[in-house]
>>> print(open('start-v7.txt').read())   # compact mmCIF, C-alpha atoms and all ligand atoms
# COMPACT_ATOMS: atom_id res chain seq x y z
CA MET U 1 41.90 8.30 29.41
CA LYS U 2 40.36 10.49 26.68
CA LYS U 3 41.69 8.10 24.02
CA LYS U 4 40.22 5.11 25.84
CA LEU U 5 36.82 6.80 26.00
CA MET U 6 36.87 7.51 22.25
CA PHE U 7 37.81 3.88 21.66
CA ILE U 8 34.58 2.83 23.35
CA LEU U 9 32.32 5.64 22.14
CA ILE U 10 33.01 5.52 18.39
CA PRO U 11 32.15 1.81 17.89
CA LEU U 12 29.11 2.24 20.14
CA VAL U 13 27.76 5.10 18.02
CA LEU U 14 28.45 3.11 14.85
CA ILE U 15 26.59 0.05 16.14
CA LEU U 16 23.63 2.07 17.33
CA PHE U 17 23.05 4.37 14.38
CA VAL U 18 24.70 3.07 11.22
CA PRO U 19 22.83 0.50 9.14
CA ILE U 20 24.86 -2.70 8.98
CA PRO U 21 24.20 -4.89 5.94
CA PHE U 22 24.35 -8.63 6.55
CA HIS U 23 24.63 -10.82 3.49
CA LEU U 24 22.81 -14.10 3.73
CA LYS U 25 23.51 -17.54 2.33
CA ASP U 26 20.87 -17.40 -0.40
CA GLY U 27 22.11 -14.04 -1.64
CA GLY U 28 19.61 -11.96 0.36
CA THR U 29 20.71 -9.08 2.56
CA VAL U 30 19.39 -7.75 5.81
CA GLU U 31 20.23 -4.36 7.24
CA TYR U 32 20.13 -3.83 10.96
CA ARG U 33 20.19 -0.48 12.68
CA ALA U 34 19.79 -0.75 16.41
CA LEU U 35 18.03 2.44 17.40
CA THR U 36 16.28 3.57 14.26
CA TYR U 37 13.52 1.01 14.20
CA GLN U 38 12.74 -0.26 17.62
CA ILE U 39 9.46 -1.93 16.73
CA SER U 40 11.08 -4.32 14.28
CA ASN U 41 14.79 -5.04 14.41
CA VAL U 42 14.73 -6.28 10.84
CA HIS U 43 15.22 -3.04 8.98
CA ARG U 44 15.45 -4.14 5.37
CA ILE U 45 15.40 -7.46 3.58
CA ASN U 46 16.48 -7.71 0.01
CA THR U 47 16.02 -11.22 -1.30
CA ASN U 48 17.17 -10.31 -4.80
CA SER U 49 20.75 -9.42 -4.03
CA LYS U 50 23.17 -11.62 -5.89
CA SER U 51 26.23 -11.08 -3.73
CA GLY U 52 26.57 -12.54 -0.29
CA TYR U 53 28.42 -14.63 2.22
CA ASP U 54 27.33 -16.35 5.40
CA THR U 55 27.46 -13.97 8.32
CA GLY U 56 24.95 -15.94 10.34
CA ILE U 57 27.29 -16.16 13.31
CA ILE U 58 27.51 -12.38 13.65
CA ILE U 59 23.75 -12.16 13.35
CA LYS U 60 23.30 -14.76 16.08
CA ILE U 61 25.77 -12.98 18.37
CA LEU U 62 23.84 -9.73 17.97
CA GLY U 63 20.56 -11.59 18.55
CA ILE U 64 19.01 -10.40 15.30
CA LYS U 65 16.14 -12.51 14.09
CA VAL U 66 16.65 -13.07 10.39
CA PHE U 67 15.84 -15.78 7.93
CA ASP U 68 18.20 -17.08 5.33
CA ASN U 69 15.87 -18.01 2.53
CA VAL U 70 12.85 -16.58 0.76
CA GLU U 71 10.41 -19.15 2.16
CA GLU U 72 11.39 -18.40 5.74
CA SER U 73 11.20 -14.67 5.16
CA LYS U 74 7.64 -15.18 3.90
CA ILE U 75 6.76 -16.96 7.14
CA MET U 76 8.36 -14.14 9.10
CA ASN U 77 6.27 -11.63 7.19
CA ASN U 78 3.10 -13.43 8.10
CA ASN U 79 4.11 -13.20 11.74
CA ILE U 80 4.92 -9.52 11.45
CA ASN U 81 1.58 -9.00 9.75
CA ALA U 82 -0.02 -9.86 13.07
CA ASN U 83 1.23 -6.41 14.10
CA TYR U 84 -1.11 -4.67 11.70
CA LYS U 85 -3.57 -4.45 14.59
CA GLN U 86 -1.38 -1.68 15.91
CA ILE U 87 -2.89 0.50 13.17
CA ASP U 88 -6.31 -0.90 14.00
CA PHE U 89 -7.12 -2.66 10.74
CA ASP U 90 -10.64 -3.76 11.56
CA ILE U 91 -11.95 -6.32 9.07
CA ASP U 92 -15.16 -6.91 11.05
CA ASN U 93 -16.12 -3.25 10.77
CA LYS U 94 -14.58 -2.87 7.29
CA LYS U 95 -12.41 0.09 8.27
CA VAL U 96 -8.98 1.16 9.42
CA THR U 97 -8.03 4.01 11.73
CA LEU U 98 -5.18 5.96 10.17
CA ASN U 99 -2.30 7.49 12.09
CA SER U 100 -3.89 10.86 11.23
CA GLY U 101 -6.88 9.85 13.38
CA TYR U 102 -9.26 9.59 10.43
CA VAL U 103 -11.13 6.38 9.67
CA MET U 104 -10.96 4.91 6.16
CA PRO U 105 -12.88 2.03 4.55
CA ILE U 106 -10.68 -1.00 3.72
CA ASN U 107 -12.26 -1.69 0.35
CA GLY U 108 -12.85 0.83 -2.37
CA LEU U 109 -13.00 1.49 -6.09
CA GLY U 110 -9.92 2.22 -8.22
CA THR U 111 -10.55 4.51 -11.18
CA TYR U 112 -7.40 4.25 -13.28
CA SER U 113 -8.32 4.25 -16.99
CA LEU U 114 -11.95 5.15 -16.29
CA THR U 115 -12.93 8.50 -17.78
CA GLY U 116 -16.03 10.48 -18.81
CA ASP U 117 -19.39 8.76 -18.43
CA THR U 118 -17.71 5.39 -17.80
CA CYS U 119 -16.06 6.83 -14.73
CA TYR U 120 -19.16 8.71 -13.56
CA ASN U 121 -21.27 5.54 -13.90
CA ALA U 122 -18.68 3.33 -12.21
CA VAL U 123 -18.41 5.65 -9.21
CA SER U 124 -22.21 6.04 -9.00
CA SER U 125 -22.61 2.28 -9.17
CA ALA U 126 -19.94 1.75 -6.50
CA LEU U 127 -21.59 4.27 -4.17
CA LYS U 128 -24.95 2.49 -4.68
CA SER U 129 -23.24 -0.81 -3.81
CA GLY U 130 -22.02 0.63 -0.52
CA VAL U 131 -18.45 1.49 -1.58
CA ARG U 132 -17.25 4.55 0.35
CA LEU U 133 -13.60 4.74 -0.72
CA ILE U 134 -12.67 6.10 -4.16
CA ASP U 135 -9.10 6.30 -5.49
CA THR U 136 -8.23 8.78 -8.22
CA ALA U 137 -5.27 10.88 -9.37
CA TYR U 138 -4.47 13.97 -11.43
CA MET U 139 -3.00 11.58 -14.03
CA TYR U 140 -6.26 9.65 -14.42
CA GLY U 141 -7.98 12.79 -15.77
CA ASN U 142 -11.25 11.96 -14.02
CA GLU U 143 -11.39 14.02 -10.81
CA GLU U 144 -14.25 16.15 -12.13
CA GLU U 145 -16.43 13.15 -12.97
CA ILE U 146 -15.72 11.63 -9.58
CA GLY U 147 -16.61 14.82 -7.74
CA LYS U 148 -19.83 15.06 -9.73
CA ALA U 149 -20.82 11.44 -9.04
CA ILE U 150 -20.21 12.00 -5.33
CA LYS U 151 -22.26 15.18 -5.22
CA ASP U 152 -25.09 13.63 -7.28
CA SER U 153 -25.23 10.57 -5.01
CA GLY U 154 -26.81 12.49 -2.16
CA ILE U 155 -24.62 10.58 0.28
CA PRO U 156 -23.32 12.85 3.07
CA ARG U 157 -19.82 14.05 2.22
CA GLU U 158 -18.42 12.82 5.54
CA GLU U 159 -19.31 9.22 4.65
CA ILE U 160 -17.13 9.12 1.54
CA PHE U 161 -13.33 8.92 1.55
CA VAL U 162 -11.57 10.26 -1.55
CA ILE U 163 -7.90 9.73 -2.32
CA THR U 164 -6.19 11.70 -5.05
CA LYS U 165 -2.56 12.09 -6.09
CA ILE U 166 -0.34 14.77 -7.53
CA TYR U 167 2.13 13.78 -10.22
CA PRO U 168 5.92 14.42 -10.27
CA SER U 169 5.44 16.81 -13.20
CA GLN U 170 3.47 18.98 -10.75
CA PHE U 171 5.97 18.86 -7.88
CA ASP U 172 7.67 22.13 -8.81
CA LYS U 173 4.35 23.97 -8.38
CA PRO U 174 2.63 21.97 -5.66
CA LYS U 175 0.27 24.73 -4.51
CA GLU U 176 -1.17 24.97 -8.02
CA ALA U 177 -1.46 21.18 -8.19
CA ILE U 178 -3.34 20.97 -4.89
CA GLU U 179 -5.63 23.87 -5.77
CA LEU U 180 -6.37 22.20 -9.12
CA ALA U 181 -7.33 18.92 -7.41
CA LEU U 182 -9.56 20.78 -4.94
CA LYS U 183 -11.20 22.68 -7.79
CA LYS U 184 -11.74 19.64 -10.03
CA LEU U 185 -13.11 17.40 -7.28
CA ASP U 186 -15.09 20.29 -5.77
CA ILE U 187 -16.05 18.31 -2.66
CA GLU U 188 -15.00 20.82 0.06
CA TYR U 189 -11.92 18.90 1.16
CA ILE U 190 -9.75 15.97 0.07
CA ASP U 191 -9.63 13.04 2.48
CA MET U 192 -6.17 11.99 1.42
CA MET U 193 -3.58 13.25 -1.02
CA LEU U 194 -0.62 11.15 -2.16
CA LEU U 195 2.55 11.93 -4.04
CA HIS U 196 2.06 9.63 -7.04
CA HIS U 197 5.75 8.70 -7.43
CA PRO U 198 9.06 9.72 -5.94
CA GLY U 199 10.56 12.54 -8.02
CA THR U 200 12.43 15.82 -8.04
CA ASN U 201 11.03 18.19 -5.39
CA ASP U 202 8.92 15.47 -3.76
CA VAL U 203 9.86 16.67 -0.26
CA SER U 204 8.88 20.28 -0.95
CA ALA U 205 5.64 19.12 -2.62
CA TYR U 206 4.83 17.04 0.46
CA LYS U 207 5.58 20.00 2.72
CA GLU U 208 3.11 22.08 0.73
CA MET U 209 0.52 19.35 1.29
CA GLU U 210 1.33 19.56 5.01
CA LYS U 211 0.21 23.21 4.95
CA TYR U 212 -3.15 22.12 3.53
CA VAL U 213 -3.53 19.62 6.35
CA GLU U 214 -3.12 22.52 8.76
CA SER U 215 -5.83 24.47 6.96
CA GLY U 216 -8.12 21.39 6.87
CA LYS U 217 -8.44 21.29 3.07
CA ILE U 218 -6.58 17.96 3.03
CA ARG U 219 -7.11 15.58 5.92
CA SER U 220 -4.42 12.91 5.56
CA LEU U 221 -1.26 12.49 3.51
CA GLY U 222 0.38 9.53 1.87
CA LEU U 223 2.78 8.24 -0.74
CA SER U 224 2.54 5.99 -3.73
CA ASN U 225 5.28 3.79 -5.17
CA TRP U 226 7.54 4.35 -2.19
CA TYR U 227 9.53 1.32 -1.08
CA VAL U 228 11.95 0.72 1.81
CA GLU U 229 14.90 2.74 0.58
CA GLU U 230 12.71 5.60 -0.60
CA LEU U 231 10.92 5.70 2.77
CA ASN U 232 14.18 5.67 4.71
CA ASP U 233 15.35 8.60 2.68
CA PHE U 234 12.08 10.53 2.73
CA LEU U 235 10.61 10.15 6.22
CA PRO U 236 13.29 12.06 8.15
CA LYS U 237 12.75 15.07 5.87
CA VAL U 238 9.03 15.63 6.50
CA ASN U 239 6.94 16.66 9.49
CA ILE U 240 3.73 14.66 9.10
CA MET U 241 4.12 10.89 9.02
CA PRO U 242 2.36 9.56 5.89
CA ALA U 243 -0.84 7.73 6.83
CA LEU U 244 -0.77 5.42 3.81
CA VAL U 245 1.50 3.98 1.15
CA GLN U 246 -0.08 2.70 -2.07
CA ASN U 247 2.01 0.15 -3.98
CA GLU U 248 1.61 -2.64 -6.53
CA ILE U 249 0.46 -5.79 -4.72
CA HIS U 250 -1.05 -8.97 -6.16
CA PRO U 251 -0.40 -12.71 -5.80
CA TYR U 252 2.39 -12.57 -8.42
CA TYR U 253 3.98 -9.48 -6.84
CA GLN U 254 3.44 -9.67 -3.12
CA GLU U 255 5.94 -7.23 -1.62
CA ASN U 256 6.36 -9.52 1.37
CA ASP U 257 9.44 -7.60 2.46
CA VAL U 258 7.94 -4.14 2.04
CA ILE U 259 4.43 -4.58 3.50
CA PRO U 260 5.42 -5.43 7.10
CA PHE U 261 8.14 -2.79 7.02
CA ILE U 262 5.56 -0.11 6.19
CA GLN U 263 2.93 -1.46 8.57
CA ASN U 264 5.42 -1.54 11.42
CA LEU U 265 5.89 2.19 10.95
CA GLY U 266 2.17 2.59 11.68
CA ILE U 267 1.46 3.36 8.01
CA VAL U 268 -1.45 1.67 6.24
CA VAL U 269 -0.64 -0.24 3.06
CA GLN U 270 -2.98 -0.09 0.07
CA GLY U 271 -2.47 -2.27 -2.99
CA TRP U 272 -2.86 -1.30 -6.60
CA TYR U 273 -3.41 -3.83 -9.44
CA PRO U 274 -5.01 -6.38 -7.06
CA PHE U 275 -5.94 -8.52 -10.09
CA GLY U 276 -2.63 -7.87 -11.81
CA GLY U 277 -3.93 -4.90 -13.81
CA ARG U 278 -5.61 -4.90 -17.22
CA GLY U 279 -4.04 -7.46 -19.54
CA HIS U 280 -3.05 -9.72 -16.65
CA THR U 281 -6.35 -10.34 -14.87
CA SER U 282 -7.35 -13.62 -16.55
CA GLU U 283 -3.96 -15.15 -15.72
CA LEU U 284 -4.49 -14.38 -12.04
CA LEU U 285 -8.21 -15.06 -11.85
CA ASN U 286 -7.72 -18.45 -13.54
CA ASN U 287 -4.75 -19.47 -11.45
CA GLU U 288 -5.57 -23.02 -10.34
CA THR U 289 -4.66 -22.46 -6.69
CA ILE U 290 -6.87 -19.39 -6.52
CA VAL U 291 -9.72 -21.13 -8.36
CA LYS U 292 -9.46 -24.11 -5.97
CA ILE U 293 -9.63 -21.82 -2.92
CA ALA U 294 -12.54 -19.92 -4.48
CA ASN U 295 -14.40 -23.19 -4.92
CA ASN U 296 -13.73 -24.09 -1.26
CA HIS U 297 -15.64 -20.98 -0.21
CA GLN U 298 -18.14 -20.79 -3.07
CA VAL U 299 -16.87 -17.34 -4.03
CA SER U 300 -15.07 -15.91 -7.08
CA SER U 301 -11.32 -15.75 -7.65
CA ALA U 302 -11.53 -11.96 -7.47
CA GLN U 303 -13.10 -12.19 -4.02
CA VAL U 304 -10.38 -14.59 -2.85
CA ILE U 305 -7.63 -12.20 -3.96
CA LEU U 306 -9.30 -9.25 -2.27
CA ARG U 307 -9.86 -11.23 0.94
CA TRP U 308 -6.23 -12.41 0.93
CA ASN U 309 -5.20 -8.74 0.86
CA LEU U 310 -7.50 -7.83 3.74
CA GLN U 311 -6.16 -10.69 5.85
CA LYS U 312 -2.67 -9.29 5.29
CA GLY U 313 -3.89 -5.90 6.49
CA VAL U 314 -3.81 -4.44 2.96
CA VAL U 315 -6.56 -2.07 1.75
CA VAL U 316 -8.02 -2.98 -1.65
CA ILE U 317 -9.09 -0.66 -4.49
CA PRO U 318 -9.98 -2.94 -7.43
CA GLY U 319 -10.78 -1.09 -10.65
CA SER U 320 -13.95 -1.88 -12.55
CA SER U 321 -16.58 -0.30 -14.76
CA ASN U 322 -18.86 -3.33 -14.53
CA PRO U 323 -21.61 -2.93 -11.88
CA VAL U 324 -21.74 -6.70 -11.32
CA HIS U 325 -17.99 -6.83 -10.65
CA ILE U 326 -18.15 -3.70 -8.51
CA LYS U 327 -20.81 -5.30 -6.30
CA GLU U 328 -18.98 -8.64 -6.23
CA ASN U 329 -15.79 -6.86 -5.12
CA THR U 330 -17.58 -5.51 -2.04
CA ASP U 331 -18.83 -8.93 -0.99
CA ILE U 332 -15.62 -10.08 0.70
CA TYR U 333 -16.60 -10.16 4.37
CA GLY U 334 -18.71 -13.32 4.54
CA PHE U 335 -15.86 -15.83 4.41
CA GLU U 336 -12.37 -16.23 5.82
CA LEU U 337 -9.29 -17.84 4.29
CA THR U 338 -7.56 -20.40 6.47
CA ASP U 339 -3.88 -20.07 7.38
CA GLU U 340 -3.13 -22.87 4.90
CA GLU U 341 -4.99 -21.03 2.13
CA MET U 342 -3.15 -17.80 2.94
CA GLN U 343 0.13 -19.73 2.71
CA GLU U 344 -0.89 -21.31 -0.60
CA ILE U 345 -1.51 -17.89 -2.10
CA ASN U 346 1.70 -16.52 -0.53
CA SER U 347 3.59 -19.28 -2.31
CA LEU U 348 2.40 -17.97 -5.71
CA ASP U 349 4.72 -14.97 -5.43
CA ARG U 350 6.91 -14.58 -8.53
CA ASN U 351 8.28 -11.13 -7.82
CA GLU U 352 6.62 -10.29 -11.14
CA LYS U 353 5.95 -6.59 -11.42
CA HIS U 354 3.27 -5.61 -13.93
CA ASP U 355 4.27 -1.99 -14.27
CA TRP U 356 7.52 -0.07 -14.29
CA TYR U 357 7.02 1.91 -11.07
N1 LIG U 401 -0.54 4.48 -7.44
C1 LIG U 401 -0.31 3.96 -8.62
O1 LIG U 401 0.75 4.18 -9.22
C2 LIG U 401 -1.37 3.11 -9.25
C3 LIG U 401 -1.07 2.38 -10.40
C4 LIG U 401 -2.07 1.60 -10.95
C5 LIG U 401 -3.33 1.56 -10.37
N2 LIG U 401 -3.60 2.30 -9.25
C6 LIG U 401 -4.92 2.27 -8.58
O2 LIG U 401 -5.25 0.91 -8.32
C7 LIG U 401 -6.53 0.63 -8.89
C8 LIG U 401 -6.63 -0.83 -9.25
O3 LIG U 401 -5.83 -1.14 -10.38
P1 LIG U 401 -6.45 -1.35 -11.84
O4 LIG U 401 -7.85 -0.88 -11.84
O5 LIG U 401 -5.55 -0.72 -12.81
O6 LIG U 401 -6.30 -2.91 -12.04
P2 LIG U 401 -7.01 -4.17 -11.31
O7 LIG U 401 -7.94 -3.71 -10.25
O8 LIG U 401 -5.95 -5.14 -10.97
O9 LIG U 401 -7.81 -4.80 -12.51
C9 LIG U 401 -8.85 -4.13 -13.15
C10 LIG U 401 -9.43 -5.10 -14.13
O10 LIG U 401 -10.06 -6.16 -13.41
C11 LIG U 401 -11.35 -6.38 -13.91
N3 LIG U 401 -12.20 -6.77 -12.78
C12 LIG U 401 -12.54 -6.03 -11.71
N4 LIG U 401 -13.30 -6.73 -10.87
C13 LIG U 401 -13.47 -7.95 -11.43
C14 LIG U 401 -14.16 -9.10 -11.03
N5 LIG U 401 -14.85 -9.15 -9.89
N6 LIG U 401 -14.12 -10.19 -11.84
C15 LIG U 401 -13.42 -10.14 -13.00
N7 LIG U 401 -12.74 -9.08 -13.42
C16 LIG U 401 -12.76 -7.98 -12.64
C17 LIG U 401 -11.79 -5.07 -14.52
O11 LIG U 401 -12.66 -5.30 -15.58
P3 LIG U 401 -14.20 -4.78 -15.53
O12 LIG U 401 -14.15 -3.29 -15.69
O13 LIG U 401 -14.83 -5.49 -16.66
O14 LIG U 401 -14.76 -5.19 -14.20
C18 LIG U 401 -10.46 -4.50 -15.04
O15 LIG U 401 -10.21 -4.95 -16.34
C19 LIG U 401 -6.60 1.59 -10.08
O16 LIG U 401 -7.90 1.69 -10.59
C20 LIG U 401 -6.04 2.83 -9.46
O17 LIG U 401 -7.02 3.48 -8.68
C21 LIG U 401 -2.62 3.07 -8.67
>>> encode(input="start-v7.txt", output="structure tokens")
Amino acid sequence: MKKKLMFILIPLVLILFVPIPFHLKDGGTVEYRALTYQISNVHRINTNSKSGYDTGIIIKILGIKVFDNVEESKIMNNNINANYKQIDFDIDNKKVTLNSGYVMPINGLGTYSLTGDTCYNAVSSALKSGVRLIDTAYMYGNEEEIGKAIKDSGIPREEIFVITKIYPSQFDKPKEAIELALKKLDIEYIDMMLLHHPGTNDVSAYKEMEKYVESGKIRSLGLSNWYVEELNDFLPKVNIMPALVQNEIHPYYQENDVIPFIQNLGIVVQGWYPFGGRGHTSELLNNETIVKIANNHQVSSAQVILRWNLQKGVVVIPGSSNPVHIKENTDIYGFELTDEEMQEINSLDRNEKHDWY
């Protein structure tokens, strides 16, 4: 009797808790774990895997909804994107409510490579243009200038949302890193702090940030350059669910597998390098599909790319030191891309990463 029970129990536990990889015809893989992710039964899709054999029959028996080529998985992702409303991504009101309860603007200014007066002027110009979300990092070396521009603006502190990041080289002394960011920004509290990359001691660094959430000096936490496997590994080890993940996203690197996975966890996705990053922007902004769509709406290519992100539920933080561009990048709420136009841009994906992380 005991043996019979074990015979039933062991396979049941395996099916419910252990991720089962299914290899698909086109070389993609899908992992399914019954209980872990109840919102979406597709746990992980890797369309780059070279190995693979057709296990479609098993998938059908288990009733798992999967797609066996890249095109179909893109369509699936668009459907899953409809779920982003669960994190209340509100394009009409230009804001998103985070799982921490705080409200964040859905368009902002990125400040990578902006330093000194250039940074101060860019942030001041963005604030004058109505931008209320600023992204910085210890590594950008500009937190002081950003804090100064915010204080000089005269805009009430509560109206501005500042994201900063601590770098892996700081993870062994996270308290010092957080105190340094608070000191440099000097704006009472930090709206959101991210771990800039996965790295040694990332969990303990995050746990230190959790203490600052308790004390109110940091309001929300997040991660940057965390993908599906990294999230699966990291999330069970921390107490506060990240409110945001910031990753590379642009028409040539769309992360169509990762975005819905993150959003379905109730985590907001924010894209870096929306225009491909410096050195790649003209290639993207002159892409003929994007130019054609821009002409349809009498807007710029940059505005089309930013709007495409918003319609996928992705927060945008384009970088610029040019006041005209900064203003233009805020003017993305007066038009809407059609489903066909969204699909056209989705089809530009080349899985072409423009940076190493
Ligand atoms: N977490 C991470 O690891 C990570 C990595 C990279 C970046 N980031 C964040 O993401 C932000 C965005 O990335 P990024 O700034 O490096 O690259 P980006 O936004 O893709 O591109 C910035 C470039 O686009 C140009 N540009 C901006 N608006 C334009 C417009 N309307 N028309 C034409 N050109 C325009 C800018 O030139 P002008 O100055 O002349 O406007 C600049 O050369 C960064 O600033 C940073 O905050 C995070």
>>> closest_atom_pairs(input="start-v7.txt", of="chain U", to="ligand LIG 401 (chain U)", cutoff="6 Å", atoms="only C-alpha atoms and all ligand atoms", output="JSON lines")
{"residue": "U:Gly110", "atom": "CA", "partner": "U:LIG401", "partner_atom": "O16", "distance": 3.2}
{"residue": "U:Thr111", "atom": "CA", "partner": "U:LIG401", "partner_atom": "O16", "distance": 3.9}
{"residue": "U:Tyr112", "atom": "CA", "partner": "U:LIG401", "partner_atom": "O16", "distance": 3.7}
{"residue": "U:Asp135", "atom": "CA", "partner": "U:LIG401", "partner_atom": "O17", "distance": 4.7}
{"residue": "U:Thr136", "atom": "CA", "partner": "U:LIG401", "partner_atom": "O17", "distance": 5.5}
{"residue": "U:His196", "atom": "CA", "partner": "U:LIG401", "partner_atom": "N1", "distance": 5.8}
{"residue": "U:Ser224", "atom": "CA", "partner": "U:LIG401", "partner_atom": "N1", "distance": 5.1}
{"residue": "U:Gln246", "atom": "CA", "partner": "U:LIG401", "partner_atom": "N1", "distance": 5.7}
{"residue": "U:Trp272", "atom": "CA", "partner": "U:LIG401", "partner_atom": "O2", "distance": 3.7}
{"residue": "U:Tyr273", "atom": "CA", "partner": "U:LIG401", "partner_atom": "O8", "distance": 3.2}
{"residue": "U:Pro274", "atom": "CA", "partner": "U:LIG401", "partner_atom": "O8", "distance": 4.2}
{"residue": "U:Phe275", "atom": "CA", "partner": "U:LIG401", "partner_atom": "O8", "distance": 3.5}
{"residue": "U:Gly276", "atom": "CA", "partner": "U:LIG401", "partner_atom": "O8", "distance": 4.4}
{"residue": "U:Gly277", "atom": "CA", "partner": "U:LIG401", "partner_atom": "O8", "distance": 3.5}
{"residue": "U:Arg278", "atom": "CA", "partner": "U:LIG401", "partner_atom": "O15", "distance": 4.7}
{"residue": "U:Thr281", "atom": "CA", "partner": "U:LIG401", "partner_atom": "O10", "distance": 5.8}
{"residue": "U:Ala302", "atom": "CA", "partner": "U:LIG401", "partner_atom": "N5", "distance": 5.0}
{"residue": "U:Ile317", "atom": "CA", "partner": "U:LIG401", "partner_atom": "C7", "distance": 5.3}
{"residue": "U:Pro318", "atom": "CA", "partner": "U:LIG401", "partner_atom": "O7", "distance": 3.6}
{"residue": "U:Gly319", "atom": "CA", "partner": "U:LIG401", "partner_atom": "O4", "distance": 3.2}
{"residue": "U:Ser320", "atom": "CA", "partner": "U:LIG401", "partner_atom": "O12", "distance": 3.4}
{"residue": "U:Ser321", "atom": "CA", "partner": "U:LIG401", "partner_atom": "O12", "distance": 4.0}
{"residue": "U:Asn322", "atom": "CA", "partner": "U:LIG401", "partner_atom": "O14", "distance": 4.5}
{"residue": "U:His325", "atom": "CA", "partner": "U:LIG401", "partner_atom": "N5", "distance": 4.0}
{"residue": "U:Glu328", "atom": "CA", "partner": "U:LIG401", "partner_atom": "N5", "distance": 5.5}
{"residue": "U:Asn329", "atom": "CA", "partner": "U:LIG401", "partner_atom": "N5", "distance": 5.4}
>>> residues_around(input="start-v7.txt", residues="segment 285-295 of chain U", least_positions_apart="3", cutoff="8 Å", atoms="all atoms listed in the file", output="ChimeraX atom specification")
/U:275,281-282,298-305,341,344-345
>>> closest_residue(input="start-v7.txt", among="U:Asp186, U:Leu221, U:Glu255, U:Ile106", to="Asp92 of chain U", atoms="only C-alpha atoms")
U:Ile106
>>> closest_residue(input="start-v7.txt", among="U:Lys217, U:Leu244, U:Pro198, U:Phe335", to="Tyr357 of chain U", atoms="all atoms listed in the file")
U:Pro198
>>> atom_distance(input="start-v7.txt", atom1="atom CA of Tyr333 of chain U", atom2="atom CA of Lys128 of chain U")
17.7 Å
>>> residues_around(input="start-v7.txt", residues="Gly147 of chain U", least_positions_apart="5", cutoff="8 Å", atoms="all atoms listed in the file", output="CSV table (one decimal) with C-alpha atoms, in the frame of the given file")
chain,number,residue,atom,x,y,z
U,184,LYS,CA,-11.7,19.6,-10.0
U,185,LEU,CA,-13.1,17.4,-7.3
U,186,ASP,CA,-15.1,20.3,-5.8
U,187,ILE,CA,-16.0,18.3,-2.7
>>> residues_around(input="start-v7.txt", residues="Ile160 of chain U", least_positions_apart="3", cutoff="9 Å", atoms="all atoms listed in the file", output="list in words")
Met104, Pro105, Leu127, Val131, Arg132, Leu133, Ile134, Ile150, Ile155, Pro156, Arg157 and Asp191 of chain U
>>> closest_residue(input="start-v7.txt", among="U:Asn107, U:Gln263, U:Ser124, U:Asn309", to="Thr330 of chain U", atoms="only C-alpha atoms")
U:Asn107
>>> closest_residue(input="start-v7.txt", among="U:Lys237, U:Lys353, U:Lys207, U:Lys95", to="Val315 of chain U", atoms="all atoms listed in the file")
U:Lys95
>>> closest_residue(input="start-v7.txt", among="U:His280, U:Val316, U:Gln343, U:Gln254", to="Leu109 of chain U", atoms="all atoms listed in the file")
U:Val316
>>> closest_residue(input="start-v7.txt", among="U:Ile178, U:Thr200, U:Leu265, U:Ala243", to="Val228 of chain U", atoms="only C-alpha atoms")
U:Leu265
>>> atom_distance(input="start-v7.txt", atom1="atom CA of Ser100 of chain U", atom2="atom CA of Ser220 of chain U")
6.1 Å
>>> atom_distance(input="start-v7.txt", atom1="atom CA of Asp202 of chain U", atom2="atom CA of Leu231 of chain U")
11.9 Å
>>> residues_around(input="start-v7.txt", residues="Arg350 of chain U", least_positions_apart="5", cutoff="9 Å", atoms="only C-alpha atoms", output="MDAnalysis selection string")
chainID U and resid 251:254
>>> residues_around(input="start-v7.txt", residues="Tyr138 of chain U", least_positions_apart="4", cutoff="12 Å", atoms="all atoms listed in the file", output="MDAnalysis selection string")
chainID U and resid 111:113 115 142:144 146 163:170 176:185 193:196
>>> build_atoms(input="start-v7.txt", residues="segment 259-266 of chain U", atoms="N, CA and C atoms", output="PDB file, keeping the file's coordinate frame")
ATOM      1  N   ILE U 259       5.698  -4.801   2.773  1.00  0.00           N
ATOM      2  CA  ILE U 259       4.430  -4.580   3.500  1.00  0.00           C
ATOM      3  C   ILE U 259       4.646  -4.508   5.020  1.00  0.00           C
ATOM      4  N   PRO U 260       5.277  -5.513   5.635  1.00  0.00           N
ATOM      5  CA  PRO U 260       5.420  -5.430   7.100  1.00  0.00           C
ATOM      6  C   PRO U 260       6.313  -4.273   7.531  1.00  0.00           C
ATOM      7  N   PHE U 261       7.282  -3.927   6.698  1.00  0.00           N
ATOM      8  CA  PHE U 261       8.140  -2.790   7.020  1.00  0.00           C
ATOM      9  C   PHE U 261       7.288  -1.519   7.143  1.00  0.00           C
ATOM     10  N   ILE U 262       6.403  -1.316   6.172  1.00  0.00           N
ATOM     11  CA  ILE U 262       5.560  -0.110   6.190  1.00  0.00           C
ATOM     12  C   ILE U 262       4.567  -0.177   7.350  1.00  0.00           C
ATOM     13  N   GLN U 263       3.938  -1.343   7.505  1.00  0.00           N
ATOM     14  CA  GLN U 263       2.930  -1.460   8.570  1.00  0.00           C
ATOM     15  C   GLN U 263       3.550  -1.247   9.948  1.00  0.00           C
ATOM     16  N   ASN U 264       4.772  -1.712  10.113  1.00  0.00           N
ATOM     17  CA  ASN U 264       5.420  -1.540  11.420  1.00  0.00           C
ATOM     18  C   ASN U 264       5.779  -0.094  11.725  1.00  0.00           C
ATOM     19  N   LEU U 265       5.707   0.757  10.699  1.00  0.00           N
ATOM     20  CA  LEU U 265       5.890   2.190  10.950  1.00  0.00           C
ATOM     21  C   LEU U 265       4.560   2.855  11.322  1.00  0.00           C
ATOM     22  N   GLY U 266       3.491   2.033  11.365  1.00  0.00           N
ATOM     23  CA  GLY U 266       2.170   2.590  11.680  1.00  0.00           C
ATOM     24  C   GLY U 266       1.511   3.208  10.453  1.00  0.00           C
TER      25      GLY U 266
END
